[in-house]
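**Student:** Input: one structure, supplied below.
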Amino acid sequence: MDIRMEQKEGFKVAGLAMDAGSQSNFSGLWDDLFERYSDPQLEALGSGLSLGVCYGMKEDGGFRYMAGCDVRDVEKARGMGLEILDVPEAEYAVVPLKGPVPQCIKDGWHYVWDTFLPRQGYRHAGTPDFEVYAQGDLNSPDYEMELWVPVKKA
């Protein structure tokens, strides 16, 4: 995989969130988001970047998952009933993925944990990580997206 390192400034994400585990219904949360709000409504909040966010990791393996988008107009997002997550500045391993969702995400995380982090001398930084979705058919074998994994040197 052609992973690149990027330093990203802090930003905000707006969306719907749930307590989750590895077997949670993530697509159901996305369905709920898109039933409540149209693409143009969500895109108007920021740059139009669709993000799945994992954060608030718990000792039992649970975490919070947010289906949302980057946001600049925080008050408008709050007025729409969306939760706001402040994301701190961090260094990210940007992992390009290709293939149908969710399999490409599972494969990407497997590579990150089992190969990239140990071989490159990094560890997860403990801050939110992201599924960065592009426009297109999520079921296509040619679909492309990214994982943004916050990292620190081990």
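The way I read the labels, and the way they are meant: chains A, B, ... in the order of the structure tokens, residue 1 as the first residue of every chain, and ligand 1 as the first ligand shown, with later ones counted on from there.
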Would you kindly return, as a CSV table (one decimal) with N, CA and C atoms, in the first residue's frame, each protein, DNA or RNA residue with an atom no farther than 10 Å from any atom of Arg123 of chain A, considering only C-alpha atoms and excluding same-chain residues fewer than 6 positions away?
**Tutor:**
```csv
chain,number,residue,atom,x,y,z
A,112,VAL,N,-3.1,-2.0,8.5
A,112,VAL,CA,-2.6,-1.0,9.4
A,112,VAL,C,-2.1,-1.6,10.7
A,113,TRP,N,-2.9,-2.4,11.3
A,113,TRP,CA,-2.5,-3.0,12.7
A,113,TRP,C,-1.5,-4.0,12.6
A,116,PHE,N,1.6,-2.3,8.8
A,116,PHE,CA,2.2,-0.9,8.8
A,116,PHE,C,2.7,-0.4,10.1
A,117,LEU,N,1.9,-0.4,11.2
A,117,LEU,CA,2.3,0.1,12.5
A,117,LEU,C,3.6,-0.6,13.0
A,149,VAL,N,-5.3,7.6,9.9
A,149,VAL,CA,-4.9,6.9,11.1
A,149,VAL,C,-4.0,7.8,11.9
A,150,PRO,N,-4.4,8.4,13.0
A,150,PRO,CA,-3.4,9.2,13.8
A,150,PRO,C,-2.3,8.4,14.4
A,151,VAL,N,-1.1,8.8,14.2
A,151,VAL,CA,0.1,8.0,14.6
A,151,VAL,C,1.1,8.9,15.4
A,152,LYS,N,1.9,8.1,16.2
A,152,LYS,CA,3.0,8.7,16.9
A,152,LYS,C,4.1,7.6,16.8
A,153,LYS,N,5.4,8.1,16.8
A,153,LYS,CA,6.5,7.1,16.8
A,153,LYS,C,6.4,6.3,18.1
A,154,ALA,N,6.7,5.0,17.9
A,154,ALA,CA,6.6,4.1,19.0
A,154,ALA,C,7.9,4.3,19.9
```
**Student:** Find the residues around Ala67 of chain A up to 9 Å (only C-alpha atoms counted), leave out those fewer than 3 positions away in its own chain, and share them as a PyMOL selection string.
**Tutor:** chain A and resi 14-18+26-27+29-30+33+50-53
**Student:** Residues of the last selection are to be written out with all heavy atoms, as a JSON list (two decimals), in the first residue's frame.
**Tutor:**
```
[["chain", "number", "residue", "atom", "x", "y", "z"],
["A", 14, "ALA", "N", -19.36, 17.21, 12.16],
["A", 14, "ALA", "CA", -20.75, 17.21, 12.61],
["A", 14, "ALA", "C", -21.42, 15.96, 12.09],
["A", 14, "ALA", "O", -21.19, 15.56, 10.94],
["A", 14, "ALA", "CB", -21.48, 18.45, 12.09],
["A", 15, "GLY", "N", -22.24, 15.33, 12.93],
["A", 15, "GLY", "CA", -22.93, 14.14, 12.46],
["A", 15, "GLY", "C", -23.78, 13.50, 13.53],
["A", 15, "GLY", "O", -24.07, 14.10, 14.57],
["A", 16, "LEU", "N", -24.17, 12.27, 13.27],
["A", 16, "LEU", "CA", -24.91, 11.44, 14.22],
["A", 16, "LEU", "C", -23.93, 10.43, 14.78],
["A", 16, "LEU", "O", -23.10, 9.89, 14.04],
["A", 16, "LEU", "CB", -26.06, 10.71, 13.52],
["A", 16, "LEU", "CG", -27.12, 11.59, 12.86],
["A", 16, "LEU", "CD1", -28.19, 10.71, 12.19],
["A", 16, "LEU", "CD2", -27.75, 12.55, 13.85],
["A", 17, "ALA", "N", -24.01, 10.17, 16.08],
["A", 17, "ALA", "CA", -23.06, 9.26, 16.72],
["A", 17, "ALA", "C", -23.78, 8.20, 17.52],
["A", 17, "ALA", "O", -24.93, 8.37, 17.94],
["A", 17, "ALA", "CB", -22.11, 10.06, 17.62],
["A", 18, "MET", "N", -23.07, 7.09, 17.74],
["A", 18, "MET", "CA", -23.60, 5.98, 18.53],
["A", 18, "MET", "C", -22.46, 5.29, 19.25],
["A", 18, "MET", "O", -21.30, 5.39, 18.85],
["A", 18, "MET", "CB", -24.32, 4.98, 17.62],
["A", 18, "MET", "CG", -23.40, 4.23, 16.68],
["A", 18, "MET", "SD", -24.35, 3.05, 15.67],
["A", 18, "MET", "CE", -23.03, 2.12, 14.93],
["A", 26, "PHE", "N", -23.05, 0.04, 11.32],
["A", 26, "PHE", "CA", -22.57, 1.36, 10.90],
["A", 26, "PHE", "C", -23.38, 1.89, 9.73],
["A", 26, "PHE", "O", -23.70, 3.07, 9.67],
["A", 26, "PHE", "CB", -21.08, 1.30, 10.54],
["A", 26, "PHE", "CG", -20.23, 0.81, 11.66],
["A", 26, "PHE", "CD1", -19.68, -0.46, 11.63],
["A", 26, "PHE", "CD2", -19.99, 1.60, 12.77],
["A", 26, "PHE", "CE1", -18.89, -0.93, 12.68],
["A", 26, "PHE", "CE2", -19.20, 1.15, 13.83],
["A", 26, "PHE", "CZ", -18.66, -0.12, 13.78],
["A", 27, "SER", "N", -23.74, 1.03, 8.80],
["A", 27, "SER", "CA", -24.51, 1.50, 7.64],
["A", 27, "SER", "C", -25.88, 2.01, 8.06],
["A", 27, "SER", "O", -26.42, 2.93, 7.44],
["A", 27, "SER", "CB", -24.64, 0.40, 6.58],
["A", 27, "SER", "OG", -25.34, -0.71, 7.09],
["A", 29, "LEU", "N", -26.50, 3.75, 10.74],
["A", 29, "LEU", "CA", -26.30, 5.13, 11.19],
["A", 29, "LEU", "C", -26.19, 6.06, 9.99],
["A", 29, "LEU", "O", -26.76, 7.16, 9.99],
["A", 29, "LEU", "CB", -25.06, 5.23, 12.09],
["A", 29, "LEU", "CG", -24.85, 6.58, 12.76],
["A", 29, "LEU", "CD1", -25.99, 6.90, 13.73],
["A", 29, "LEU", "CD2", -23.51, 6.60, 13.50],
["A", 30, "TRP", "N", -25.47, 5.63, 8.96],
["A", 30, "TRP", "CA", -25.38, 6.43, 7.72],
["A", 30, "TRP", "C", -26.76, 6.58, 7.08],
["A", 30, "TRP", "O", -27.12, 7.68, 6.63],
["A", 30, "TRP", "CB", -24.40, 5.79, 6.74],
["A", 30, "TRP", "CG", -22.98, 6.03, 7.11],
["A", 30, "TRP", "CD1", -22.13, 5.16, 7.73],
["A", 30, "TRP", "CD2", -22.23, 7.23, 6.90],
["A", 30, "TRP", "NE1", -20.91, 5.76, 7.92],
["A", 30, "TRP", "CE2", -20.94, 7.02, 7.41],
["A", 30, "TRP", "CE3", -22.53, 8.46, 6.32],
["A", 30, "TRP", "CZ2", -19.94, 8.00, 7.37],
["A", 30, "TRP", "CZ3", -21.54, 9.43, 6.27],
["A", 30, "TRP", "CH2", -20.27, 9.18, 6.79],
["A", 33, "LEU", "N", -28.62, 9.20, 8.95],
["A", 33, "LEU", "CA", -28.13, 10.54, 8.62],
["A", 33, "LEU", "C", -28.72, 11.03, 7.30],
["A", 33, "LEU", "O", -29.22, 12.15, 7.21],
["A", 33, "LEU", "CB", -26.59, 10.53, 8.55],
["A", 33, "LEU", "CG", -25.93, 11.86, 8.21],
["A", 33, "LEU", "CD1", -26.08, 12.85, 9.37],
["A", 33, "LEU", "CD2", -24.45, 11.64, 7.87],
["A", 50, "SER", "N", -17.25, 13.61, 3.49],
["A", 50, "SER", "CA", -18.00, 12.64, 4.29],
["A", 50, "SER", "C", -17.02, 11.81, 5.11],
["A", 50, "SER", "O", -16.07, 11.24, 4.55],
["A", 50, "SER", "CB", -18.83, 11.72, 3.40],
["A", 50, "SER", "OG", -19.87, 12.42, 2.78],
["A", 51, "LEU", "N", -17.28, 11.72, 6.41],
["A", 51, "LEU", "CA", -16.34, 11.08, 7.33],
["A", 51, "LEU", "C", -17.03, 10.12, 8.28],
["A", 51, "LEU", "O", -18.03, 10.48, 8.91],
["A", 51, "LEU", "CB", -15.63, 12.15, 8.18],
["A", 51, "LEU", "CG", -14.84, 13.21, 7.42],
["A", 51, "LEU", "CD1", -14.53, 14.39, 8.33],
["A", 51, "LEU", "CD2", -13.57, 12.61, 6.86],
["A", 52, "GLY", "N", -16.49, 8.93, 8.41],
["A", 52, "GLY", "CA", -16.84, 8.02, 9.48],
["A", 52, "GLY", "C", -15.75, 8.16, 10.52],
["A", 52, "GLY", "O", -14.57, 8.04, 10.20],
["A", 53, "VAL", "N", -16.12, 8.46, 11.77],
["A", 53, "VAL", "CA", -15.12, 8.76, 12.80],
["A", 53, "VAL", "C", -15.23, 7.74, 13.94],
["A", 53, "VAL", "O", -16.32, 7.52, 14.48],
["A", 53, "VAL", "CB", -15.34, 10.18, 13.39],
["A", 53, "VAL", "CG1", -14.19, 10.55, 14.31],
["A", 53, "VAL", "CG2", -15.54, 11.21, 12.30]]
```
**Student:** Atom CA of Val87 of chain A and atom CA of Asp137 of chain A, how far apart in Å?
**Tutor:**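 These two atoms are separated by 27.8 Å.
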**Student:** From the set A:Leu85, A:Val94, A:Ile3, A:Cys104, which residue has the shortest atom-to-atom contact distance to Arg64 of chain A, counting only C-alpha atoms?
**Tutor:**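 Closest candidate: A:Leu85.
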**Student:** Nearest to Leu49 of chain A: which of A:Asp107, A:Glu131, A:Glu9, A:Asp142 is it, counting only C-alpha atoms?
**Tutor:**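 Counting only C-alpha atoms, the residue closest to Leu49 of chain A is A:Glu131.
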**Student:** Looking at A:His110, A:Met80, A:Val95, A:Pro141, which one is nearest to Ser38 of chain A, with distances taken over only C-alpha atoms?
**Tutor:**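 Ranked by minimum distance to Ser38 of chain A, first place goes to A:Met80.
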**Student:** Taking 2 positions as the minimum chain separation for residues in the same chain, which residues sit within 10 Å of Thr127 of chain A when counting only C-alpha atoms? Answer as a VMD selection string.
**Tutor:** chain A and resid 54 to 57 87 to 90 124 to 125 129 149 to 151
**Student:** I'd like the interatomic distance between atom CA of Ala77 of chain A and atom CA of Tyr65 of chain A, to a tenth of an Å.
**Tutor:** 17.5 Å
